[in-house]
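Below: one structure, written as structure tokens.
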Amino acid sequence: MALKVAPIWVYSTNDRKNFPFSELGFSDLACTNGGNTAFLNLRLRRNWECLSVFSQRATTPVEDEIPLTPGIDAPGGIEKATQIAEGRRFHKDLNSLPIKAYPECETVPCDQFEAAFKAVELWLVDKAVLPIENSVGGSIHRNYDLLLRHRLHIVGEVKLKVNHCLLGLPGVRKEELKHVLSHPQALDQCEITLNKLGVTRVSAEDSAGAAQVVASGGVRDTGAVASARAAEIYGLDILDQGIQDDSDNITRFLILAREPIIPGTDRPFKTSIVFTLEEGPGILFKALAVFALRDINLSKIESRPQKRRPLRVVDDSNKGRATYFDYLFYIDFEASMVEPRAQYALGHLQEFARFLRVLGCYPIDTVK
């Protein structure tokens, strides 16, 4: 699997004939292959109805939020869509993620997270799949920030085990390698193996791209850390596999769409929210207590600074001036929005929150 884990774009089969691939710099041939980020050809059930399970607008707007990108039919829509991918060079790679999320799909690569958000907003594609956290590397902060800046809904999650392989040219032994290319995170996650080999680590934009460089360069003493699928595509040998330091290395991805799904109680559901709080003693404790009081488990807590208003100054004549960092809090809790306890918890939270937004309610990925 390519570790750069940039977004996956999804487009509808029915729109393929009218989709401006040539304007985006993609060929039809490229559309049949995958990448570490990609379009997916997904046959969606259009008769599904959408339900807004909670207010998706902020109760109090925060400055980090930005307006929706104009639709594809709006003036400049196509031009903006074209700018998303214009002038980029893509390598091809099929990883396990789109296959697990949508077994029947066609893929086209892209190289930026925000480009996937915009593609969904412009109705060029149906869904986007983006990484949100890794069990070793932690949270992907960029995508937390983009969740707030864009008006997409989380409709699902996918957890994928990372399996790093050491790749080289055909006939090369791993002891012959002197240089190994890959994404910096992949190199860090394979530190023990690479130290034993005594190789020089060279950073690349992503792991699949590193495999492509090794294959096209033809230098026998240069290898790459990438997926087994990358080895198959680029004709490289797998010199060693499972070389990551931590065998339980898992990346969690979010599936984003323009409309929310209808939550249920037939299987475990998770709800993701973002909020800000007023200053005061124990205010964060009170905010988290609304879930504990109702036996709702929190599976994720993340704080991010409000970039456009990072500081708050409090003037108290008795104690002088105090400066605080102003934060956004992202929380995942294990309950469906159709459950009264979840609705009561969010209603209670609004008593403390200056801003509250539900990012999505979706099934928990329990498949290993």
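We label chains A, B, ... in the order they appear in the structure tokens, count residues from 1 in each chain, and number ligands from 1 in the order shown.
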Report task. Check stretch 120-360 of chain A with DSSP on the backbone and list each residue it calls strand (DSSP E or B), as a PyMOL selection string. Result -> chain A and resi 127-134+138-139+153-161+165-168+179-182+200-203+222-226+237-241+250-257+269-277+298-305+311-316+320-325+327-333+353-360
Report task. Considering only C-alpha atoms, return as a ChimeraX atom specification whatever protein or nucleic-acid residues lie within 7 Å of A:His153, sequence-local ones (same chain, fewer than 6 positions apart) excluded. Result -> /A:256-260,359-360
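Put simply, atom CA of A:Arg220 is 10.1 Å away from atom CA of A:Lys174.
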Query raised in the report: Can you list, as a ChimeraX atom specification, every protein, DNA or RNA residue that comes within 9 Å of stretch 298-307 of chain A when you count only C-alpha atoms, leaving out same-chain residues fewer than 5 positions away?
Result: /A:62-64,139,141,144-145,270,272,288,291-292,325-334
Query raised in the report: Between atom CA of A:Pro131 and atom CA of A:Ser227, what is the spacing in Å?
Result: 16.8 Å
Query raised in the report: Contacts of A:Phe269 at 7 Å or less, counting only C-alpha atoms, minus same-chain residues fewer than 6 places along, as number ranges by chain?
Result: A: 334-336, 361-364
Requested in this report: Determine which residues of stretch 211-346 of chain A DSSP labels as helix (DSSP H, G or I) from the backbone of this structure, then write them out as a VMD selection string.
Outcome: chain A and resid 211 to 217 228 to 234 283 to 292 340 to 346
Query raised in the report: So which one's closest to A:Ala224, A:Ser182, A:Ser247, A:Thr271, A:Ser203? Using only C-alpha atoms, please.
Result: A:Ser182
All residues 10 Å or closer to stretch 345-347 of chain A, only C-alpha atoms, same chain fewer than 2 positions away omitted, as a short mmCIF file (atom, residue, chain, number, x, y, z; two decimals) with N, CA and C atoms, in the first residue's frame:
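Contents of around_2.cif, freshly written:
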data_model
loop_
_atom_site.label_atom_id
_atom_site.label_comp_id
_atom_site.auth_asym_id
_atom_site.auth_seq_id
_atom_site.Cartn_x
_atom_site.Cartn_y
_atom_site.Cartn_z
N PHE A 54 -28.77 15.78 12.42
CA PHE A 54 -28.55 16.84 13.41
C PHE A 54 -28.17 18.07 12.62
N ILE A 273 -18.06 14.50 15.68
CA ILE A 273 -18.46 15.89 15.86
C ILE A 273 -17.22 16.77 16.03
N ALA A 287 -17.96 19.13 29.27
CA ALA A 287 -18.32 18.76 27.91
C ALA A 287 -18.21 17.25 27.70
N LEU A 288 -17.15 16.65 28.22
CA LEU A 288 -16.96 15.21 28.06
C LEU A 288 -17.91 14.41 28.94
N ALA A 289 -18.31 15.01 30.06
CA ALA A 289 -19.19 14.31 31.00
C ALA A 289 -20.57 14.05 30.41
N VAL A 290 -20.99 14.83 29.41
CA VAL A 290 -22.32 14.61 28.84
C VAL A 290 -22.41 13.23 28.19
N PHE A 291 -21.27 12.69 27.77
CA PHE A 291 -21.25 11.35 27.18
C PHE A 291 -21.14 10.28 28.26
N ALA A 292 -20.30 10.52 29.26
CA ALA A 292 -20.13 9.55 30.33
C ALA A 292 -21.43 9.36 31.11
N LEU A 293 -22.17 10.43 31.30
CA LEU A 293 -23.44 10.34 32.04
C LEU A 293 -24.45 9.43 31.34
N ARG A 294 -24.26 9.22 30.04
CA ARG A 294 -25.21 8.41 29.26
C ARG A 294 -24.57 7.12 28.75
N ILE A 296 -21.94 6.55 26.99
CA ILE A 296 -21.50 6.60 25.60
C ILE A 296 -19.97 6.60 25.58
N MET A 337 -27.05 8.34 15.85
CA MET A 337 -27.84 9.56 16.06
C MET A 337 -29.33 9.30 16.20
N PRO A 340 -31.85 8.03 21.42
CA PRO A 340 -32.16 9.19 22.25
C PRO A 340 -30.98 9.65 23.10
N ARG A 341 -30.17 8.72 23.61
CA ARG A 341 -29.05 9.11 24.45
C ARG A 341 -28.05 9.97 23.70
N ALA A 342 -27.83 9.69 22.39
CA ALA A 342 -26.93 10.51 21.60
C ALA A 342 -27.52 11.90 21.37
N GLN A 343 -28.82 11.96 21.10
CA GLN A 343 -29.47 13.25 20.89
C GLN A 343 -29.46 14.10 22.16
N LEU A 349 -24.47 19.09 25.35
CA LEU A 349 -23.19 19.70 24.97
C LEU A 349 -23.37 21.12 24.46
N GLN A 350 -24.48 21.39 23.80
CA GLN A 350 -24.72 22.73 23.27
C GLN A 350 -24.80 23.78 24.37
N GLU A 351 -25.05 23.35 25.60
CA GLU A 351 -25.09 24.31 26.71
C GLU A 351 -23.71 24.89 27.00
N PHE A 352 -22.65 24.14 26.62
CA PHE A 352 -21.29 24.60 26.89
C PHE A 352 -20.57 25.06 25.63
N ALA A 353 -21.05 24.66 24.48
CA ALA A 353 -20.31 24.88 23.23
C ALA A 353 -20.67 26.20 22.58
N LEU A 356 -20.91 23.92 17.42
CA LEU A 356 -21.05 22.47 17.39
C LEU A 356 -21.51 22.05 16.01
N ARG A 357 -20.84 21.06 15.45
CA ARG A 357 -21.22 20.54 14.13
C ARG A 357 -21.05 19.02 14.10
N VAL A 358 -22.05 18.33 13.59
CA VAL A 358 -21.96 16.89 13.40
C VAL A 358 -21.33 16.63 12.04
#
**Report entry** Among the residues A:Leu187, A:Val274, A:Cys165, A:Leu284, the one that comes closest to A:Leu148 [using only C-alpha atoms]
**Finding:** A:Val274
Query - Test item: residues at most 6 Å from A:Gly223, only C-alpha atoms, excluding those fewer than 2 positions along its chain, as a PyMOL selection string - result: chain A and resi 167-168+180
